$ cat upload_35.txt   # compact mmCIF, C-alpha atoms
# COMPACT_ATOMS: atom_id res chain seq x y z
CA MET A 162 157.56 123.17 14.27
CA THR A 163 155.68 121.99 17.33
CA GLU A 164 158.16 119.29 18.10
CA SER A 165 156.96 116.18 19.85
CA ASN A 166 160.60 115.79 20.86
CA HIS A 167 161.50 118.99 22.62
CA HIS A 168 165.19 118.19 22.47
CA HIS A 169 165.13 119.27 18.86
CA GLU A 170 168.36 120.97 17.86
CA LYS A 171 166.62 124.29 17.24
CA CYS A 172 164.97 124.22 20.66
CA ARG A 173 168.27 123.58 22.35
CA GLU A 174 169.95 126.38 20.44
CA LEU A 175 167.22 128.75 21.47
CA PHE A 176 167.20 127.50 25.05
CA GLU A 177 170.88 128.40 25.34
CA ARG A 178 170.29 131.97 24.17
CA LEU A 179 167.02 132.86 25.88
CA SER A 180 168.60 135.19 28.43
CA GLU A 181 170.54 137.05 25.75
CA TYR A 182 167.30 137.37 23.83
CA LEU A 183 165.46 138.76 26.86
CA ASP A 184 168.34 141.17 27.50
CA ARG A 185 168.33 142.36 23.86
CA GLU A 186 171.93 141.30 23.44
CA LEU A 187 171.43 139.49 20.12
CA ASP A 188 171.43 140.89 16.60
CA GLU A 189 168.18 141.56 14.79
CA GLU A 190 168.42 138.50 12.56
CA THR A 191 168.89 136.10 15.48
CA CYS A 192 166.01 137.76 17.33
CA SER A 193 163.71 137.29 14.34
CA GLU A 194 164.72 133.62 14.10
CA ILE A 195 163.97 133.13 17.78
CA GLU A 196 160.60 134.85 17.49
CA ALA A 197 159.63 132.77 14.47
CA HIS A 198 160.56 129.61 16.34
CA ILE A 199 158.70 130.60 19.49
CA ASP A 200 155.54 131.25 17.47
CA ARG A 201 155.59 127.62 16.35
CA CYS A 202 156.94 125.87 19.42
CA GLU A 203 154.77 125.91 22.54
CA PRO A 204 157.36 124.42 24.96
CA CYS A 205 159.87 127.10 23.93
CA LYS A 206 157.23 129.79 24.34
CA VAL A 207 156.48 128.55 27.86
CA CYS A 208 160.19 128.50 28.59
CA MET A 209 160.68 132.05 27.40
CA LYS A 210 157.61 133.44 29.23
CA THR A 211 158.46 131.78 32.54
CA LEU A 212 162.08 132.90 32.33
CA LYS A 213 161.00 136.45 31.55
CA ARG A 214 158.64 136.43 34.51
CA THR A 215 161.46 135.19 36.77
CA VAL A 216 163.63 138.12 35.70
CA ASP A 217 160.74 140.58 36.18
CA VAL A 218 160.14 139.28 39.70
CA CYS A 219 163.82 139.75 40.57
CA ARG A 220 163.87 143.27 39.19
CA ASN A 221 160.88 144.21 41.31
CA LEU A 222 161.90 142.69 44.63
CA LYS A 223 161.53 145.09 47.52
CA GLN A 224 164.73 146.14 49.25
CA GLU A 225 165.17 145.48 52.94
CA GLN A 226 165.80 148.33 55.37
CA VAL A 227 169.22 148.73 56.92
CA PRO A 228 169.00 148.08 60.70
CA PRO A 229 168.97 151.61 62.27
CA ASP A 230 171.47 150.74 65.01
CA PHE A 231 173.99 149.56 62.46
CA SER A 232 173.37 152.57 60.26
CA ARG A 233 174.07 154.90 63.17
CA HIS A 234 177.18 152.96 64.15
CA LEU A 235 178.55 153.15 60.59
CA ARG A 236 178.09 156.92 60.46
CA GLU A 237 179.73 157.38 63.84
CA LEU A 238 182.69 155.28 62.78
CA ILE A 239 183.18 157.18 59.53
CA GLY A 240 182.61 160.48 61.35
CA GLN A 241 185.47 159.67 63.75
CA LEU A 242 187.76 158.79 60.84
CA ALA A 243 186.78 161.97 59.00
CA GLU A 244 187.62 164.07 62.06
CA GLY A 245 190.92 162.27 62.50
CA GLY A 246 191.76 162.80 58.83
CA LYS A 247 192.52 159.11 58.29
CA ARG A 248 192.31 158.94 54.50
CA GLY A 249 194.45 156.80 52.20
CA MET B 157 200.30 154.66 23.90
CA PRO B 158 200.66 158.42 23.23
CA GLN B 159 202.66 160.28 25.88
CA ASN B 160 199.81 162.57 26.82
CA TRP B 161 197.27 159.74 27.00
CA LYS B 162 194.91 159.96 29.94
CA PRO B 163 192.15 157.53 30.85
CA GLU B 164 188.68 158.76 30.02
CA ILE B 165 186.94 160.31 33.01
CA LYS B 166 183.43 158.98 33.52
CA LYS B 167 181.57 161.83 35.21
CA ASP B 168 178.44 160.54 36.89
CA GLU B 169 175.89 161.74 39.44
CA ASP B 170 178.48 161.29 42.21
CA TYR B 171 181.23 163.27 40.53
CA GLU B 172 180.77 166.56 42.36
CA LEU B 173 180.35 164.91 45.73
CA VAL B 174 183.54 162.88 45.27
CA GLN B 175 185.42 166.01 44.14
CA ALA B 176 184.26 167.81 47.29
CA ILE B 177 185.21 164.94 49.63
CA ASN B 178 188.61 164.63 47.97
CA ALA B 179 189.12 168.38 48.25
CA GLY B 180 188.88 168.14 52.03
CA ARG B 181 185.17 167.92 52.82
CA ALA B 182 185.42 164.50 54.50
CA ASP B 183 182.31 165.44 56.48
CA ARG B 184 180.31 165.01 53.27
CA PHE B 185 181.18 161.31 53.13
CA GLU B 186 177.93 160.68 54.98
CA GLU B 187 176.06 161.76 51.82
CA LEU B 188 177.81 159.01 49.97
CA ILE B 189 176.73 156.52 52.64
CA ASN B 190 173.16 157.79 52.26
CA ARG B 191 173.29 157.06 48.54
CA TYR B 192 174.66 153.53 48.67
CA GLU B 193 174.12 152.10 52.13
CA GLN B 194 170.80 150.38 51.42
CA LYS B 195 171.93 148.95 48.10
CA ILE B 196 175.18 147.58 49.49
CA TYR B 197 173.36 146.24 52.55
CA ASN B 198 170.87 144.34 50.39
CA PHE B 199 173.64 143.05 48.13
CA SER B 200 175.61 141.90 51.17
CA LEU B 201 172.57 140.35 52.82
CA ARG B 202 171.84 138.16 49.79
CA MET B 203 175.50 137.26 49.42
CA CYS B 204 176.08 136.38 53.10
CA ASN B 205 172.58 135.25 54.03
CA ASP B 206 173.22 136.51 57.53
CA VAL B 207 172.46 139.94 59.03
CA GLN B 208 175.63 140.16 61.15
CA ASP B 209 177.89 139.12 58.26
CA ALA B 210 176.10 141.57 55.96
CA GLU B 211 176.68 144.41 58.42
CA ASP B 212 180.37 143.50 58.64
CA MET B 213 180.58 143.49 54.86
CA VAL B 214 178.90 146.88 54.53
CA GLN B 215 181.22 148.33 57.16
CA GLU B 216 184.31 146.89 55.47
CA THR B 217 183.12 148.22 52.12
CA PHE B 218 182.57 151.79 53.32
CA LEU B 219 185.79 151.84 55.31
CA ASN B 220 187.66 150.85 52.16
CA VAL B 221 185.77 153.39 50.06
CA PHE B 222 186.65 156.05 52.63
CA LYS B 223 190.28 155.00 52.69
CA TYR B 224 190.84 154.75 48.94
CA LEU B 225 188.48 157.38 47.53
CA GLY B 226 191.38 159.82 47.19
CA GLY B 227 192.93 157.52 44.61
CA PHE B 228 189.70 157.03 42.65
CA ARG B 229 190.30 158.32 39.12
CA TYR B 230 186.86 157.98 37.54
CA GLU B 231 187.94 155.31 35.09
CA THR B 232 184.61 153.71 35.93
CA LYS B 233 181.46 155.01 37.62
CA LEU B 234 181.75 155.42 41.38
CA LYS B 235 178.84 153.03 41.88
CA ASN B 236 180.65 150.29 39.94
CA TRP B 237 183.82 150.87 41.93
CA ILE B 238 181.93 150.58 45.23
CA TYR B 239 180.34 147.31 44.11
CA ARG B 240 183.76 146.03 43.09
CA ILE B 241 184.98 146.70 46.62
CA ALA B 242 181.87 145.06 48.11
CA ALA B 243 182.20 142.02 45.83
CA SER B 244 185.88 141.60 46.77
CA ALA B 245 185.01 141.83 50.46
CA CYS B 246 182.39 139.18 49.93
CA ILE B 247 184.62 136.81 47.96
CA LYS B 248 187.36 137.15 50.59
CA ARG B 249 184.93 136.48 53.40
CA ARG B 250 183.51 133.36 51.78
CA ARG B 251 186.94 131.97 50.96
CA LYS B 252 187.78 132.19 54.63
CA SER B 253 184.63 130.43 55.77
CA LYS B 254 184.15 127.66 53.21
CA PHE B 255 186.29 125.00 51.63
CA ALA B 256 183.81 122.82 49.75
CA PRO B 257 184.01 123.23 45.96
CA GLU B 258 181.12 125.13 44.45
CA LYS B 259 178.39 123.24 42.66
CA GLU B 260 178.29 123.77 38.90
CA LEU B 261 174.87 124.26 37.31
CA SER B 262 174.52 122.49 33.98
CA LEU B 263 172.21 123.66 31.24
CA ASP B 264 170.86 120.15 30.68
CA GLU B 265 169.31 119.95 34.11
CA PHE B 266 167.03 122.86 33.20
CA MET B 267 166.03 121.75 29.73
CA PRO B 268 162.26 121.14 29.65
CA GLY B 269 161.11 117.49 29.49
CA GLU B 270 160.86 115.56 26.26
CA GLY B 271 157.70 114.69 24.31
CA GLU B 272 154.57 114.80 26.46
CA GLY B 273 156.68 116.02 29.40
CA ALA B 274 157.35 119.38 27.75
CA PRO B 275 155.00 122.05 29.12
CA ARG B 276 152.71 123.46 26.43
CA GLU B 277 150.63 125.95 28.35
CA ILE B 278 151.86 129.21 29.83
CA PRO B 279 151.24 128.94 33.59
CA ASP B 280 149.14 131.58 35.35
CA TRP B 281 152.13 132.86 37.31
CA ALA B 282 153.83 133.92 34.09
CA ASN B 283 150.69 135.55 32.71
CA VAL B 284 149.01 137.60 35.42
CA PRO B 285 150.07 141.24 36.01
CA LEU B 286 153.22 141.36 38.09
CA ASP B 287 151.73 143.50 40.87
CA ARG B 288 149.09 140.83 41.50
CA LEU B 289 151.77 138.22 41.84
CA LEU B 290 154.46 139.83 43.96
CA ASP B 291 153.49 139.48 47.61
CA GLU B 292 155.50 138.94 50.79
CA GLU B 293 155.35 135.17 50.44
CA LEU B 294 156.63 135.17 46.88
CA SER B 295 159.38 137.64 47.80
CA SER B 296 160.54 135.26 50.53
CA ILE B 297 160.49 132.35 48.09
CA VAL B 298 162.57 134.30 45.56
CA LYS B 299 165.04 135.45 48.21
CA ALA B 300 165.39 131.89 49.51
CA GLY B 301 165.92 130.74 45.92
CA ILE B 302 168.64 133.34 45.40
CA ASP B 303 170.25 132.37 48.73
CA SER B 304 170.41 128.73 47.65
CA LEU B 305 172.26 129.49 44.40
CA PRO B 306 175.98 128.61 44.39
CA ASP B 307 178.02 131.78 45.10
CA LYS B 308 179.41 132.40 41.64
CA TYR B 309 175.94 132.30 40.09
CA ARG B 310 174.32 134.28 42.87
CA MET B 311 176.74 137.16 42.58
CA ILE B 312 176.07 137.51 38.86
CA LEU B 313 172.31 137.32 39.31
CA MET B 314 172.48 139.95 42.05
CA LEU B 315 174.52 142.36 39.94
CA ARG B 316 172.52 141.87 36.74
CA ASP B 317 168.91 141.32 37.80
CA ILE B 318 168.70 142.92 41.23
CA GLU B 319 171.20 145.79 40.98
CA GLY B 320 170.63 146.41 37.28
CA PHE B 321 174.23 146.42 36.01
CA SER B 322 174.82 145.64 32.34
CA THR B 323 176.71 142.54 31.24
CA ALA B 324 179.82 144.65 30.55
CA GLU B 325 179.62 146.34 33.95
CA ALA B 326 179.14 143.05 35.83
CA ALA B 327 182.11 141.59 33.93
CA GLN B 328 184.24 144.58 34.90
CA ILE B 329 183.17 144.49 38.56
CA LEU B 330 184.04 140.79 38.89
CA ASP B 331 186.99 140.61 36.48
CA LEU B 332 185.24 138.08 34.28
CA THR B 333 184.65 137.91 30.55
CA GLU B 334 181.25 139.02 29.27
CA SER B 335 180.54 135.55 27.91
CA ASN B 336 181.25 134.07 31.33
CA VAL B 337 178.79 136.52 32.88
CA LYS B 338 176.14 135.57 30.31
CA VAL B 339 176.57 131.83 30.85
CA ARG B 340 176.36 132.11 34.63
CA LEU B 341 173.43 134.52 34.52
CA HIS B 342 171.40 132.26 32.23
CA ARG B 343 171.93 129.24 34.50
CA ALA B 344 171.13 131.25 37.62
CA ARG B 345 167.88 132.46 36.07
CA LEU B 346 166.91 128.96 34.97
CA TYR B 347 167.62 127.66 38.47
CA LEU B 348 165.45 130.36 40.00
CA ARG B 349 162.71 129.78 37.42
CA ASP B 350 162.60 126.11 38.49
CA ARG B 351 162.26 127.19 42.14
CA LEU B 352 159.33 129.43 41.19
CA LYS B 353 157.77 126.69 39.09
CA ASP B 354 158.02 124.24 42.01
CA TYR B 355 156.46 126.78 44.30
CA PHE B 356 153.49 127.50 42.05
CA ASP B 357 153.06 123.83 41.09
CA HIS B 358 153.21 122.36 44.57
CA ASP B 359 153.46 124.77 47.46
CA ARG B 360 151.23 127.75 46.82
CA ILE B 361 147.75 127.10 48.18
CA GLU B 362 145.93 129.22 45.62
CA SER B 363 147.10 130.05 42.12
CA PRO B 364 146.95 133.73 41.22
CA SER B 365 143.85 134.49 39.16
$ encode --input "upload_35.txt" --output "structure tokens"
Amino acid sequence: MTESNHHHEKCRELFERLSEYLDRELDEETCSEIEAHIDRCEPCKVCMKTLKRTVDVCRNLKQEQVPPDFSRHLRELIGQLAEGGKRG
Amino acid sequence: MPQNWKPEIKKDEDYELVQAINAGRADRFEELINRYEQKIYNFSLRMCNDVQDAEDMVQETFLNVFKYLGGFRYETKLKNWIYRIAASACIKRRRKSKFAPEKELSLDEFMPGEGEGAPREIPDWANVPLDRLLDEELSSIVKAGIDSLPDKYRMILMLRDIEGFSTAEAAQILDLTESNVKVRLHRARLYLRDRLKDYFDHDRIESPS
């Protein structure tokens, strides 16, 4: 179904569950239904691919370094508490 | 509940270190900082969007971990417990500094256009290998996109897609239901996807090829 009206009920249903599909949180039957729909519906395929890419980009973002001065300060602070035995 | 019931202990990669610290080796707490400092700093930085505030949040988190580690009973992984402390510190901090109600993201605003407006071709940015796409500029765009998410969506996206927690873990860390986590995550991803789409459609000088 390559809907000319993308607000087709099936498209909306799928749109609501795309993240669960990408996260493999749906049962096998629902996954198969989604895959069959995506094969026939280009707008939904684009939606799924672009959402997947967004998630991939997030998962591969580089972490920023902790400022060294702060890092040193944090260790000193904890070190002092450790020496003083100030535990809860 | 049976009289001899005890919560299940979730031994993880931190178990031995925590046992040692709690047995009197407080000097080994630094090892724990080494393990989690960068992660908590990055989480805090995205949540506060300010280096000084992020540093304060990291400090508050580790001070609390240090103070309460003796009472930690391994009913969850240590990592999850630390993030729970960090998330609470963050929520508390933002409550103090902001009074405006948070914007709700509705699913309808992300639904692709109708008829001819619905995109039918997969854009290059969703097709090329990821390593050819992810450069400094795109990283900044994504981080700015995350920073502009309303708090309650941003925290879920951070825990799920940046820190890699499962839906159940994120729900536990934030005291939310799993379905609430799923709804917020989906909207946060759609929001971010639109930011990426705008960037590749309008702002990027050259499309990746």
$ interface_residues --input "upload_35.txt" --of "chain A" --to "chain B" --cutoff "9 Å" --atoms "all atoms listed in the file" --output "MDAnalysis selection string"
chainID A and resid 164:168 173 176:181 202:208 210:228 231:232 235:236 238:240 242:244 246:249
$ atom_distance --input "upload_35.txt" --atom1 "atom CA of A:Lys171" --atom2 "atom CA of B:Thr333"
26.2 Å
$ closest_residue --input "upload_35.txt" --among "B:Arg240, B:His358, B:Lys308, B:Lys233" --to "B:Lys259" --atoms "all atoms listed in the file"
B:Lys308
$ closest_residue --input "upload_35.txt" --among "B:Arg250, B:Arg310, B:Arg229, B:Lys167" --to "B:Arg202" --atoms "all atoms listed in the file"
B:Arg310
$ closest_residue --input "upload_35.txt" --among "A:His198, A:Gly245, A:Leu187, A:Pro229" --to "A:His169" --atoms "all atoms listed in the file"
A:His198
